[in-house]
$ cat input08.cif   # mmCIF, C-alpha atoms
data_my_file
#
loop_
_atom_site.label_atom_id
_atom_site.label_comp_id
_atom_site.auth_asym_id
_atom_site.auth_seq_id
_atom_site.Cartn_x
_atom_site.Cartn_y
_atom_site.Cartn_z
CA MET A 61 51.90 38.55 28.72
CA SER A 62 50.71 41.53 30.71
CA PHE A 63 47.15 42.59 31.41
CA ASP A 64 45.46 45.79 32.41
CA GLU A 65 45.18 45.92 36.21
CA GLN A 66 41.41 46.15 35.91
CA SER A 67 41.12 43.22 33.50
CA VAL A 68 39.28 40.19 34.84
CA LEU A 69 38.38 37.01 33.00
CA ARG A 70 35.03 35.73 34.18
CA ILE A 71 34.47 32.00 33.77
CA ASP A 72 31.11 30.42 34.47
CA MET A 73 31.47 26.64 34.62
CA VAL A 74 28.09 25.00 34.12
CA SER A 75 28.42 21.60 35.75
CA ASP A 76 26.95 18.86 37.90
CA VAL A 77 28.43 17.29 41.03
CA VAL A 78 28.01 13.71 39.75
CA CYS A 79 29.47 14.40 36.31
CA PRO A 80 32.91 12.76 36.02
CA TRP A 81 33.89 14.93 33.08
CA CYS A 82 33.14 18.02 35.15
CA THR A 83 35.79 17.24 37.76
CA ILE A 84 38.22 16.32 34.96
CA GLY A 85 37.28 19.52 33.14
CA TYR A 86 37.96 21.61 36.23
CA GLN A 87 41.48 20.20 36.51
CA ARG A 88 42.12 20.85 32.83
CA LEU A 89 40.88 24.41 33.22
CA GLN A 90 43.29 24.97 36.11
CA LYS A 91 46.14 23.60 33.98
CA ALA A 92 45.19 25.97 31.19
CA LEU A 93 44.98 28.96 33.53
CA SER A 94 48.45 28.19 34.90
CA GLN A 95 49.76 29.49 31.57
CA PHE A 96 48.47 32.94 32.52
CA PRO A 97 49.81 33.60 36.04
CA ASP A 98 49.12 37.35 35.90
CA LEU A 99 45.53 36.99 34.75
CA LYS A 100 42.80 37.78 37.27
CA VAL A 101 40.08 35.16 37.09
CA GLU A 102 36.61 35.01 38.61
CA LEU A 103 35.38 31.42 38.47
CA SER A 104 31.78 30.59 39.27
CA PHE A 105 30.15 27.16 39.26
CA LYS A 106 26.67 27.21 37.77
CA PRO A 107 23.98 24.57 38.40
CA PHE A 108 22.99 21.88 35.92
CA GLU A 109 21.28 18.63 36.89
CA LEU A 110 22.02 15.77 34.53
CA ASN A 111 19.26 13.74 36.18
CA PRO A 112 16.73 16.10 37.80
CA ALA A 113 14.17 13.29 38.19
CA MET A 114 16.59 11.08 40.13
CA PRO A 115 15.02 10.07 43.49
CA PRO A 116 16.91 10.98 46.69
CA GLU A 117 17.94 7.36 47.28
CA GLY A 118 19.65 7.33 43.90
CA GLN A 119 20.09 4.47 41.46
CA ASN A 120 22.73 1.86 40.77
CA VAL A 121 25.12 3.47 38.30
CA ASN A 122 25.29 0.50 35.90
CA GLU A 123 21.51 0.29 35.85
CA HIS A 124 21.28 4.02 35.23
CA ILE A 125 23.79 4.01 32.36
CA ALA A 126 22.13 1.00 30.76
CA GLU A 127 18.73 2.68 30.88
CA LYS A 128 19.96 6.08 29.72
CA TYR A 129 22.41 5.07 27.00
CA GLY A 130 21.45 1.49 26.16
CA LEU A 131 24.91 0.08 26.96
CA ASP A 132 25.61 -3.48 28.08
CA VAL A 133 27.65 -4.34 31.18
CA PRO A 134 30.96 -5.15 29.38
CA THR A 135 30.84 -1.79 27.58
CA ILE A 136 30.01 0.04 30.80
CA GLU A 137 32.92 -1.60 32.61
CA HIS A 138 35.31 -0.88 29.72
CA ASN A 139 34.26 2.77 29.65
CA ARG A 140 34.68 3.01 33.43
CA LEU A 141 38.26 1.79 33.23
CA GLN A 142 39.05 4.23 30.45
CA LEU A 143 37.49 7.11 32.37
CA ARG A 144 39.43 6.17 35.50
CA ALA A 145 42.67 6.26 33.50
CA VAL A 146 41.88 9.68 32.02
CA ALA A 147 41.00 10.99 35.49
CA ALA A 148 44.25 9.69 36.95
CA GLU A 149 46.20 11.64 34.32
CA GLU A 150 44.55 14.79 35.66
CA GLY A 151 45.19 13.92 39.30
CA VAL A 152 41.61 12.85 39.96
CA THR A 153 40.72 9.62 41.75
CA PHE A 154 37.60 7.65 40.84
CA THR A 155 36.66 4.73 43.08
CA SER A 156 33.34 3.89 41.46
CA ASP A 157 32.47 0.34 40.47
CA SER A 158 29.38 -1.65 39.52
CA GLU A 159 27.92 -1.17 43.01
CA SER A 160 28.16 2.63 43.00
CA ARG A 161 25.08 4.82 42.92
CA ILE A 162 24.21 8.03 41.16
CA TYR A 163 22.29 10.60 43.22
CA ASN A 164 20.03 13.60 42.93
CA THR A 165 22.11 16.80 43.15
CA PHE A 166 19.53 19.55 43.67
CA LEU A 167 20.34 20.12 47.34
CA ALA A 168 24.06 20.22 46.54
CA HIS A 169 23.40 22.95 43.98
CA LYS A 170 21.51 24.95 46.59
CA LEU A 171 24.53 24.85 48.89
CA LEU A 172 26.84 25.79 46.03
CA LEU A 173 24.74 28.81 45.13
CA ARG A 174 24.75 30.00 48.73
CA ALA A 175 28.50 29.31 48.95
CA GLU A 176 29.09 31.59 45.98
CA ALA A 177 27.72 34.51 47.95
CA MET A 178 29.92 33.50 50.90
CA GLY A 179 33.10 33.25 48.84
CA THR A 180 33.59 29.56 49.57
CA GLN A 181 32.11 28.01 46.44
CA THR A 182 35.26 26.50 44.93
CA ALA A 183 36.25 24.79 48.17
CA LEU A 184 32.77 23.33 48.54
CA LYS A 185 32.59 22.20 44.91
CA LEU A 186 35.90 20.36 45.15
CA ALA A 187 34.84 18.80 48.46
CA LEU A 188 31.62 17.56 46.87
CA PHE A 189 33.56 16.10 43.95
CA ARG A 190 35.82 14.24 46.40
CA ALA A 191 32.89 13.08 48.50
CA TYR A 192 31.15 11.56 45.51
CA PHE A 193 33.95 10.27 43.29
CA GLU A 194 36.52 9.25 45.88
CA GLU A 195 34.55 8.58 49.07
CA ARG A 196 31.33 7.36 47.42
CA ARG A 197 29.16 9.34 49.81
CA ASN A 198 25.48 10.05 49.25
CA ILE A 199 25.56 13.70 48.25
CA SER A 200 21.75 13.88 48.12
CA ASP A 201 21.55 13.21 51.87
CA ALA A 202 20.99 16.39 53.88
CA GLU A 203 23.12 15.33 56.86
CA THR A 204 26.00 14.37 54.58
CA LEU A 205 25.78 17.72 52.82
CA VAL A 206 25.71 19.61 56.11
CA ASP A 207 28.82 17.73 57.27
CA ILE A 208 30.65 18.61 54.07
CA ALA A 209 29.51 22.23 54.13
CA GLU A 210 30.57 22.62 57.77
CA GLN A 211 34.13 21.79 56.72
CA ASN A 212 34.02 24.32 53.88
CA GLY A 213 32.94 27.71 55.18
CA PHE A 214 29.47 27.05 56.63
CA SER A 215 28.25 26.63 60.14
CA ARG A 216 25.81 23.73 60.55
CA GLU A 217 23.03 26.26 61.06
CA GLN A 218 23.90 28.10 57.85
CA ALA A 219 24.04 24.87 55.86
CA MET A 220 20.70 23.61 57.19
CA ALA A 221 19.10 26.99 56.55
CA ALA A 222 20.33 26.94 52.95
CA LEU A 223 18.93 23.46 52.36
CA GLU A 224 15.52 24.56 53.68
CA ASP A 225 15.46 27.92 51.85
CA GLU A 226 12.70 27.85 49.22
CA ALA A 227 13.89 31.13 47.70
CA LEU A 228 17.24 29.45 47.10
CA SER A 229 15.44 26.51 45.45
CA GLN A 230 13.75 28.91 43.08
CA ALA A 231 17.03 30.67 42.34
CA VAL A 232 18.69 27.37 41.38
CA ARG A 233 15.79 26.46 39.09
CA ILE A 234 15.91 29.87 37.41
CA GLU A 235 19.63 29.49 36.70
CA GLU A 236 19.20 25.93 35.42
CA ASN A 237 16.38 26.96 33.12
CA ALA A 238 18.43 29.87 31.83
CA TYR A 239 21.27 27.60 30.78
CA ARG A 240 18.93 25.08 29.20
CA SER A 241 17.26 27.90 27.27
CA MET A 242 20.71 28.83 25.96
CA GLY A 243 20.87 25.37 24.41
CA ILE A 244 23.19 23.79 26.96
CA THR A 245 22.45 20.07 27.12
CA ALA A 246 25.78 18.67 28.28
CA VAL A 247 28.34 19.59 30.90
CA PRO A 248 30.85 20.86 31.59
CA THR A 249 30.25 23.98 29.55
CA PHE A 250 32.63 26.89 30.10
CA ILE A 251 31.30 30.39 29.44
CA PHE A 252 33.96 33.09 29.19
CA ASN A 253 33.02 36.70 29.94
CA GLN A 254 29.35 35.79 29.37
CA GLN A 255 30.02 35.73 25.61
CA TYR A 256 32.07 32.73 24.51
CA SER A 257 31.27 29.13 25.39
CA VAL A 258 33.21 25.89 25.13
CA SER A 259 31.42 22.60 25.64
CA GLY A 260 33.02 19.50 27.09
CA ALA A 261 36.10 18.69 29.17
CA GLN A 262 38.46 19.93 26.48
CA ASP A 263 42.20 19.36 26.82
CA ALA A 264 44.15 22.04 28.66
CA GLY A 265 45.78 23.06 25.39
CA VAL A 266 42.42 23.74 23.76
CA LEU A 267 41.18 25.73 26.75
CA GLY A 268 44.48 27.61 26.86
CA ASN A 269 44.09 28.65 23.23
CA VAL A 270 40.57 29.89 23.89
CA ILE A 271 41.74 31.87 26.92
CA GLN A 272 44.61 33.35 24.91
CA GLU A 273 42.26 34.52 22.19
CA ILE A 274 39.86 36.08 24.68
CA THR A 275 42.52 37.72 26.81
CA ALA A 276 44.11 39.25 23.73
CA LEU A 277 41.17 41.64 23.91
CA LEU A 278 42.01 42.51 27.54
CA ARG A 279 45.58 43.66 26.92
#
$ encode --input "input08.cif" --output "structure tokens"
Amino acid sequence: MSFDEQSVLRIDMVSDVVCPWCTIGYQRLQKALSQFPDLKVELSFKPFELNPAMPPEGQNVNEHIAEKYGLDVPTIEHNRLQLRAVAAEEGVTFTSDSESRIYNTFLAHKLLLRAEAMGTQTALKLALFRAYFEERRNISDAETLVDIAEQNGFSREQAMAALEDEALSQAVRIEENAYRSMGITAVPTFIFNQQYSVSGAQDAGVLGNVIQEITALLR
């Protein structure tokens, strides 16, 4: 399949750093895109907080799931094992257990928005996924975020400035509100060329079919 040299597929991935299906969804998207090696893609990660009221110190994940979804411990543990197996199939490692915590992600989204302008957003997003799901780090902690950002395109000064930037806070809130006003209530949601959206961590085959249909218009 050949594409016009000027053709670009824009993909906005609305997601949260502590959403397990978002990191799985990213891997499935990459698998789908591998079917189109000549396609130029612009991928942007857009902010969405699953738990905007979460305090900085976070909450035990079992406690959080029980409160939010009304599940008992055996069901939570069963679902965790199933999710871990699905993640492993996509090359993603989850190390969470009953002692893990879920954290506020607002500061992480501020860094990601600044990273987009710097051209280092994907590297930072993947590093944040690893930090939370594999290393079980507190990604609401400013020092932790600065350490991660410093390894992914920021200087420490740039990272700290981004975390303290109130204009950046407002920009994140504006983007989040825009996606909620579009009716997005769950992530990941993939928006293609600002026109077509797909909700959920769909299989690579499903995403590939969507991409094929959209790119048929680009040829």
$ residues_around --input "input08.cif" --residues "Leu188 in chain A" --least-positions-apart "2" --cutoff "12 Å" --atoms "all atoms listed in the file" --output "PyMOL selection string"
chain A and resi 76-80+82-83+165+167-169+171-172+181-186+190-200+204-209+211-212
$ write_last_selection --input "input08.cif" --atoms "C-alpha atoms" --output "PDB file, in the frame of the given file"
ATOM      1  CA  ASP A  76      26.950  18.860  37.900  1.00  0.00           C
ATOM      2  CA  VAL A  77      28.430  17.290  41.030  1.00  0.00           C
ATOM      3  CA  VAL A  78      28.010  13.710  39.750  1.00  0.00           C
ATOM      4  CA  CYS A  79      29.470  14.400  36.310  1.00  0.00           C
ATOM      5  CA  PRO A  80      32.910  12.760  36.020  1.00  0.00           C
ATOM      6  CA  CYS A  82      33.140  18.020  35.150  1.00  0.00           C
ATOM      7  CA  THR A  83      35.790  17.240  37.760  1.00  0.00           C
ATOM      8  CA  THR A 165      22.110  16.800  43.150  1.00  0.00           C
ATOM      9  CA  LEU A 167      20.340  20.120  47.340  1.00  0.00           C
ATOM     10  CA  ALA A 168      24.060  20.220  46.540  1.00  0.00           C
ATOM     11  CA  HIS A 169      23.400  22.950  43.980  1.00  0.00           C
ATOM     12  CA  LEU A 171      24.530  24.850  48.890  1.00  0.00           C
ATOM     13  CA  LEU A 172      26.840  25.790  46.030  1.00  0.00           C
ATOM     14  CA  GLN A 181      32.110  28.010  46.440  1.00  0.00           C
ATOM     15  CA  THR A 182      35.260  26.500  44.930  1.00  0.00           C
ATOM     16  CA  ALA A 183      36.250  24.790  48.170  1.00  0.00           C
ATOM     17  CA  LEU A 184      32.770  23.330  48.540  1.00  0.00           C
ATOM     18  CA  LYS A 185      32.590  22.200  44.910  1.00  0.00           C
ATOM     19  CA  LEU A 186      35.900  20.360  45.150  1.00  0.00           C
ATOM     20  CA  ARG A 190      35.820  14.240  46.400  1.00  0.00           C
ATOM     21  CA  ALA A 191      32.890  13.080  48.500  1.00  0.00           C
ATOM     22  CA  TYR A 192      31.150  11.560  45.510  1.00  0.00           C
ATOM     23  CA  PHE A 193      33.950  10.270  43.290  1.00  0.00           C
ATOM     24  CA  GLU A 194      36.520   9.250  45.880  1.00  0.00           C
ATOM     25  CA  GLU A 195      34.550   8.580  49.070  1.00  0.00           C
ATOM     26  CA  ARG A 196      31.330   7.360  47.420  1.00  0.00           C
ATOM     27  CA  ARG A 197      29.160   9.340  49.810  1.00  0.00           C
ATOM     28  CA  ASN A 198      25.480  10.050  49.250  1.00  0.00           C
ATOM     29  CA  ILE A 199      25.560  13.700  48.250  1.00  0.00           C
ATOM     30  CA  SER A 200      21.750  13.880  48.120  1.00  0.00           C
ATOM     31  CA  THR A 204      26.000  14.370  54.580  1.00  0.00           C
ATOM     32  CA  LEU A 205      25.780  17.720  52.820  1.00  0.00           C
ATOM     33  CA  VAL A 206      25.710  19.610  56.110  1.00  0.00           C
ATOM     34  CA  ASP A 207      28.820  17.730  57.270  1.00  0.00           C
ATOM     35  CA  ILE A 208      30.650  18.610  54.070  1.00  0.00           C
ATOM     36  CA  ALA A 209      29.510  22.230  54.130  1.00  0.00           C
ATOM     37  CA  GLN A 211      34.130  21.790  56.720  1.00  0.00           C
ATOM     38  CA  ASN A 212      34.020  24.320  53.880  1.00  0.00           C
TER      39      ASN A 212
END
$ atom_distance --input "input08.cif" --atom1 "CA of Gly213 in chain A" --atom2 "CA of Asn164 in chain A"
22.7 Å
$ residues_near_point --input "input08.cif" --point "(23.3, 6.4, 42.1)" --cutoff "7 Å" --atoms "all atoms listed in the file" --output "PyMOL selection string"
chain A and resi 118-121+160-163
$ resolve_selection --input "input08.cif" --expression "the PyMOL selection byres ((chain A and resi 270-274) around 9)" --output "PyMOL selection string"
chain A and resi 69+92-93+96+252-253+256+258+265-269+275-278
$ resolve_selection --input "input08.cif" --expression "the PyMOL selection byres ((chain A and resi 225-229) around 9)" --output "JSON, numbers by chain"
{"A": [166, 167, 169, 170, 171, 173, 174, 220, 221, 222, 223, 224, 230, 231, 232, 233, 234]}
$ write_last_selection --input "input08.cif" --atoms "C-alpha atoms" --output "PDB file, in the coordinates of the input"
ATOM      1  CA  PHE A 166      19.530  19.550  43.670  1.00  0.00           C
ATOM      2  CA  LEU A 167      20.340  20.120  47.340  1.00  0.00           C
ATOM      3  CA  HIS A 169      23.400  22.950  43.980  1.00  0.00           C
ATOM      4  CA  LYS A 170      21.510  24.950  46.590  1.00  0.00           C
ATOM      5  CA  LEU A 171      24.530  24.850  48.890  1.00  0.00           C
ATOM      6  CA  LEU A 173      24.740  28.810  45.130  1.00  0.00           C
ATOM      7  CA  ARG A 174      24.750  30.000  48.730  1.00  0.00           C
ATOM      8  CA  MET A 220      20.700  23.610  57.190  1.00  0.00           C
ATOM      9  CA  ALA A 221      19.100  26.990  56.550  1.00  0.00           C
ATOM     10  CA  ALA A 222      20.330  26.940  52.950  1.00  0.00           C
ATOM     11  CA  LEU A 223      18.930  23.460  52.360  1.00  0.00           C
ATOM     12  CA  GLU A 224      15.520  24.560  53.680  1.00  0.00           C
ATOM     13  CA  GLN A 230      13.750  28.910  43.080  1.00  0.00           C
ATOM     14  CA  ALA A 231      17.030  30.670  42.340  1.00  0.00           C
ATOM     15  CA  VAL A 232      18.690  27.370  41.380  1.00  0.00           C
ATOM     16  CA  ARG A 233      15.790  26.460  39.090  1.00  0.00           C
ATOM     17  CA  ILE A 234      15.910  29.870  37.410  1.00  0.00           C
TER      18      ILE A 234
END
$ resolve_selection --input "input08.cif" --expression "the PyMOL selection byres ((chain A and resi 259) around 7)" --output "ChimeraX atom specification"
/A:247-250,257-258,260
